[in-house]
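Colleague: One structure, pasted below without further comment.
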Amino acid sequence: MILPCRAVLFDVDGTLVDSTPLIESAAREWAAEYGIDPDEYLAGSHGRRTSDRVADFLPAEEVGAATARLDELEAARSDGITALPGVHDLLASLDGLPWAMVTSMDREQVAVRTRVAGVPLPDVVVTAEDVVLGKPDPSGYLLAAERLGVEPSGCLVFEDAPAGVAAGRAAGATVVAVTTSHPAGELTSAHHIIKDMTWVKSAPGGLRIA
């Protein structure tokens, strides 16, 4: 099936890059310091900004410092970061099709993780610092489309988490979910669901998904 589009908007962690070992080890160390159940924290953290998830557990006056601490723990690690299957080939094949990254990570985290994974950075990268509200709010995807000069309805969004799928849908884009971090049953609001990027190929006027 060919999905026509004028631009492609990618989530990063869990969609293009796998940072799971790093994220889990940092979160477990951080949670022990704050007396938080690490499994409970991790269960709802994927696809959301760190500060938004931290706010689910701590008083507002503690969120800033606690978020900075978790960011510090993550920044000290680069273990286990890899590009997900099919990502390098897909990005190399886009052949002038505009694309952007829209992530709940901050700019430094994106730079480190993409570098370690060997994933190139596009001209447009929308990070946690660029929006007031994180996913599932559509602000990030709307901003990326605006910066690329493309209507959101002309964009394909690739996501791996329910919050990101919701953000892409709310922006008015066509959303393709990959089951790299969540089972298909949690991603049913996406327009299409695939296993990973090996199922995506460049095609005239858009992308082909198997």
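Numbering starts fresh at 1 for the residues of each chain in the structure tokens, the chains themselves are lettered A, B, ... in the order given, and ligands are numbered from 1 as they appear.
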For stretch 102-109 of chain A, work out the shell of residues within 8 Å, counting only C-alpha atoms and skipping chain neighbours fewer than 6 positions away, then give it as a list in words.
Modeller: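 Surrounding residues, per the criterion: Leu9, Phe10, Asp11, Val12, Asp13, Gly47, Arg48, Arg49, Thr50, Ala75, Val125, Val126, Thr127, Ala128, Glu129, Gly134, Lys135, Gly140, Tyr141 and Ala144 of chain A.
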Colleague: Identify, on the basis of only C-alpha atoms, every residue whose closest approach to A:Leu143 does not exceed 10 Å; exclude the query and any residue fewer than 5 positions from it along the same chain; express the result as a VMD selection string.
Modeller: chain A and resid 102 124 to 126 130 to 131 138 148 to 149 152 171
Colleague: Give the answer as one residue: which of A:Ala31, A:Leu70, A:Ala76, A:Ala170 has the shortest atom-to-atom distance to A:Phe57, using only C-alpha atoms?
Modeller: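 When distances to A:Phe57 are compared using only C-alpha atoms, the smallest one comes from A:Ala31.
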Colleague: Nearest residue to A:Arg6 out of A:Asp89, A:Glu29, A:Glu151, A:Asp137, using only C-alpha atoms?
Modeller: A:Glu151
Colleague: Using only C-alpha atoms, which of A:Ser181, A:Trp199, A:Ala7, A:His192 sits nearest A:Leu94?
Modeller: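 For A:Leu94, the nearest of the given residues is A:Ala7.
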